[in-house]
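In what follows, a structure is listed as C-alpha cells, so that the remarks can point back to it.
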Amino acid sequence: MLKQTPLNARHRESQAKLVDFSGWEMPLHYGSQIEEHHAVRRDAGMFDVSHMLSVDLRGAGARAFLRQLMANDVDKLRTTGRSLYTCMLHEGGGVVDDLILTFMREDWFRLVVNAGCADKDLAWMEAQRERLGADARITPRPDLAMIAVQGPHAAAKLWHAMPGLEEVAGAIKPFNAVVVGEMFVARSGYTGEDGFELTLPAKAAPFFWQALLEAGVRPCGLGARDTLRLEAGMNLYGQDMDMATTPLESGLAWTVDLGSGRDFIGRDALLRLPRDKCLVGLKLLDKGVLRSHQRVIAPQGEGEITSGGFAPTLNASIAFARVPVQVRVGEEVEVEIRDKRLRAAVVKYPFVRNGQALV
Amino acid sequence: MSIPTELQYTKSHEWVRQEADGSLSVGITHHAQELLGDMVFVENPVLGRMLAAGEECAVVESVKAASDIYAPVAGEVVAVNEAVEASPERINQDPYGAWMFRIRPSGELSGLLDATAYATHLETEAR
C-alpha cells in the first residue's frame with residue numbers, strides 16, 4: 001500500500017500519472033513532462049513535495065548536537081527562517097542524507113529530509129543523540145505538507161493566490177523564510193528559478209493548492225522536478241551521492257566545513273580518504289541521451305554518469321559524472337551508450353539559472 | 001485513443017502498415033508512447049540493413065527511459081523517417097502517423113496481431 005499525500009485527490013483531478021516514489025504515490029507528470037518543465041522556466045509551476053519529511057529538533061542542546069551531526073557550518077544560522085543546505089555524514093564520510101536545515105529559535109531547528117531516507121535518518125539521528133547524550137528532542141512532522149511554487153512568475157502568482165501574503169513575505173531573500181500563521185514560507189527550491197516552498201498543515205494543503213491552480217500556477221510532476229534540478233546543477237540523493245560516496249567526490253565540497261576545525265561526524269574520514277574522484281558536468285555533443293550508470297572514458301581514466309537526461313531548456317542531453325579529479329572543464333570525453341561511444345564536453349554547472357542557458 | 005483497424009501490431013507495441021509499394025512502415029503504438037512519455041530521441045536502423053524478425057533494430061528515448069524497437073518482420077530497411085528523428089515529439093502527437101522506418105519484407109508476414117488481438121493483448125498486460 002503506497003502512502004498518499006494530502007494532495008492525492010487533487011492530482012487525480014488533474015489527470016496525473018501517479019507512480020511509486022520511495023513508497024509514496026506521487027505524480028510523475030500531468031500529461032507532458034516537457035511542458036511542465038518549460039512552465040517553471042518561463043512562468044510558474046508547483047510541485048507537491050509533501051512526501052519529504054519535516055523533522056523538528058528542540059531543546060537547549062539542539063545547536064550543539066547539530067554541530068556534530070552536520071557537515072555544513074550550523075553556526076551560519078542565527079536568525080529565524082534562515083536555512084542551510086547540508087549533508088549528514090556517517091563516520092566513514094559517506095552521505096546519510098542531504099537536507100535543508102532551518103533556524104526557528106535557538107532551541108528549535110527544523111530539518112527537511114528526503115522521503116526515501118526518512119526512516120534511516122530518524123534512526124541515525126536518534127542513535128547519535130543517545131550516543132552523544134544530546135539535550136534535544138527529535139520529532140517527525142508527518143502532519144505537515146509542502147508545496148513548492150517555482151518560476152519567474154511564482155511570486156506574482158503566489159501573492160495573487162494568497163491575498164495579504166505579499167505584505168509579510170514579499171521581501172524575503174533566498175534561503176530565508178517567514179512564519180505566517182500556521183504556514184512557513186521559504187524562498188527556496190530545487191529548480192534554479194525564483195520561488196517559494198510552503199510548509200503548512202496537511203489539512204490546509206488542498207485549499208492552497210486549489211488557490212494556486214486558480215491563480216494560473218501549473219501543476220508539475222517529479223519528472224519535471226528531476227530535469228529542472230539537473231539543469232540547475234543540484235544533486236539528487238541516491239544517484240549523485242549515497243552512503244558509499246563522500247560529499248567531496250559528489251560536487252558538494254562547498255557545503256562541507258573543513259576549515260573551522262569543528263569536529264563533526266565523518267570529518268576524520270574526509271581528511272583521510274584519497275580525493276581521486278570529482279563530479280563534473282557533461283554536455284553531449286553527439287545525438288543521444290545521457291543516463292545514469294553509463295561509462296565515461298576520459299584520457300585520465302574512467303568514470304560513471306550519476307544523473308543524466310534530456311535538458312528541455314538546452315534541447316540537448318546533459319549529465320553529472322564522477323570522474324578522475326584530473327579531468328578538466330573544456331576537455332572532451334567519451335560516453336558508452338549501448339554499443340557506441342559518443343562525444344561529450346566537460347562543462348561547468350549549473351547548466352541553467354533563472355531561465356538562461358549557461359553552457 | 002482507438003486502435004486503427006487497418007494496421008497490424010506486435011506484442012512489443014510496434015505497429016505495421018502495408019504500403020502500396022509492398023514495403024511495411026513501422027512505428028510505435030499510442031499505448032507505447034503514453035507509457036514512455038515525451039520522446040526526445042529516435043535512433044533508426046541504417047538503410048540497407050537486413051533485419052531478422054524480432055531483432056532489436058531501433059531505439060526510442062523519452063524523458064524517462066530508452067526503449068528498444070524490434071523488427072516486426074524479417075527484411076531490408078528501405079527508408080527511415082528523418083522528420084521523426086529531427087522531431088521525436090511527433091511520435092507523441094501522432095503515433096500512427098509518425099512512422100520510424102520501412103522494411104521490404106523478405107518472406108511471408110506471420111505472427112502479427114490485428115487490432116482486436118492487440119486490444120486483447122493490452123488488456124492482458126494491464127491485469
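Lettering and numbering for the C-alpha cells are positional, with chains as A, B, ... in the shown order, residues counted from 1 in each chain, and ligands counted from 1 in the shown order.
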Contact residues around region 95-104 of chain B with only C-alpha atoms at 6 Å, ignoring same-chain residues under 3 positions, as a PDB file with C-alpha atoms, in the first residue's frame:
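As written to disk, result-v6.pdb reads:
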ATOM      1  CA  SER B  23       7.090  -2.120 -48.075  1.00  0.00           C
ATOM      2  CA  LEU B  24       5.983  -2.019 -44.437  1.00  0.00           C
ATOM      3  CA  SER B  25       6.081   1.127 -42.296  1.00  0.00           C
ATOM      4  CA  VAL B  26       6.883   0.600 -38.624  1.00  0.00           C
ATOM      5  CA  GLY B  27       6.085   2.863 -35.673  1.00  0.00           C
ATOM      6  CA  THR B  29       1.596   2.484 -30.731  1.00  0.00           C
ATOM      7  CA  HIS B  30      -0.322   5.126 -28.811  1.00  0.00           C
ATOM      8  CA  GLY B  75      13.534  -7.846 -44.324  1.00  0.00           C
ATOM      9  CA  GLU B  76      15.645  -4.975 -45.565  1.00  0.00           C
ATOM     10  CA  VAL B  77      15.446  -1.395 -44.256  1.00  0.00           C
ATOM     11  CA  VAL B  78      14.457   0.671 -47.308  1.00  0.00           C
ATOM     12  CA  ALA B  79      13.560   4.027 -45.707  1.00  0.00           C
ATOM     13  CA  VAL B  80      13.954   5.920 -42.449  1.00  0.00           C
ATOM     14  CA  ASN B  81      11.853   8.873 -41.360  1.00  0.00           C
ATOM     15  CA  ILE B  91       5.532  10.238 -32.007  1.00  0.00           C
ATOM     16  CA  ASN B  92       3.605  11.660 -29.043  1.00  0.00           C
TER      17      ASN B  92
END
At most 8 Å is the cut-off: for each residue in chain A with any atom that close to an atom of chain B, write down the nearest atom pair and the distance in Å rounded to one decimal, counting only C-alpha atoms, chain first then increasing number, as a tab-separated table.
residue	atom	partner	partner_atom	distance
A:Ser32	CA	B:Asp38	CA	6.4
A:Gln33	CA	B:Asp38	CA	6.7
A:Ile34	CA	B:Asp38	CA	6.8
A:Gly223	CA	B:Lys64	CA	7.7
A:Lys287	CA	B:Phe41	CA	7.8
A:Gly288	CA	B:Phe41	CA	6.2
A:Val289	CA	B:Phe41	CA	7.2
A:Gly309	CA	B:Val63	CA	6.8
A:Phe310	CA	B:Val63	CA	6.2
So which residues of region 72-119 of chain B fall under strand (DSSP E or B) by DSSP, listed as a PDB file with C-alpha atoms, in the first residue's frame?
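And here's part-v4.pdb as it stands now:
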ATOM      1  CA  GLY B  75      13.534  -7.846 -44.324  1.00  0.00           C
ATOM      2  CA  GLU B  76      15.645  -4.975 -45.565  1.00  0.00           C
ATOM      3  CA  VAL B  77      15.446  -1.395 -44.256  1.00  0.00           C
ATOM      4  CA  VAL B  78      14.457   0.671 -47.308  1.00  0.00           C
ATOM      5  CA  ALA B  79      13.560   4.027 -45.707  1.00  0.00           C
ATOM      6  CA  VAL B  80      13.954   5.920 -42.449  1.00  0.00           C
ATOM      7  CA  PHE B 101      11.383   3.158 -40.746  1.00  0.00           C
ATOM      8  CA  ARG B 102      10.229   0.953 -43.623  1.00  0.00           C
ATOM      9  CA  ILE B 103      11.100  -2.672 -44.290  1.00  0.00           C
ATOM     10  CA  ARG B 104      10.867  -4.606 -47.562  1.00  0.00           C
ATOM     11  CA  PRO B 105       9.832  -7.970 -46.132  1.00  0.00           C
ATOM     12  CA  LEU B 113      -1.722  -9.155 -34.365  1.00  0.00           C
TER      13      LEU B 113
END
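For region 241-244 of chain A, the non-local neighbours within 7 Å, defined as residues at least 6 positions apart in the same chain or in other chains and counting only C-alpha atoms, are Gly94, Val95, Val96 and Ser250 of chain A.
Counting only C-alpha atoms, the residue from A:Leu53, A:Ala60, A:Ala155, A:Cys117 that sits nearest to Leu236 (chain A) is A:Cys117.
Residue nearest Gln8 (chain B) within the list B:Pro72, B:Gly22, B:Gly107, B:Pro88: B:Pro72 [criterion: smallest interatomic distance, only C-alpha atoms].
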Worksheet item: Which residues come within 8 Å of Leu7 (chain B), counting only C-alpha atoms, excluding same-chain residues fewer than 3 positions away, as a PyMOL selection string?
Response: chain B and resi 4+15-18+114-115
Please, could you write that set of residues out with C-alpha atoms as a compact mmCIF listing (two decimals), in the first residue's frame?
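See part_7.txt below for the written result:
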# COMPACT_ATOMS: atom_id res chain seq x y z
CA PRO B 4 -6.62 1.66 -36.02
CA TRP B 15 2.55 -1.06 -35.40
CA VAL B 16 2.98 -2.12 -39.04
CA ARG B 17 1.34 -0.60 -42.11
CA GLN B 18 1.33 -2.18 -45.54
CA ASP B 114 -4.78 -7.46 -35.80
CA ALA B 115 -6.37 -4.56 -33.90
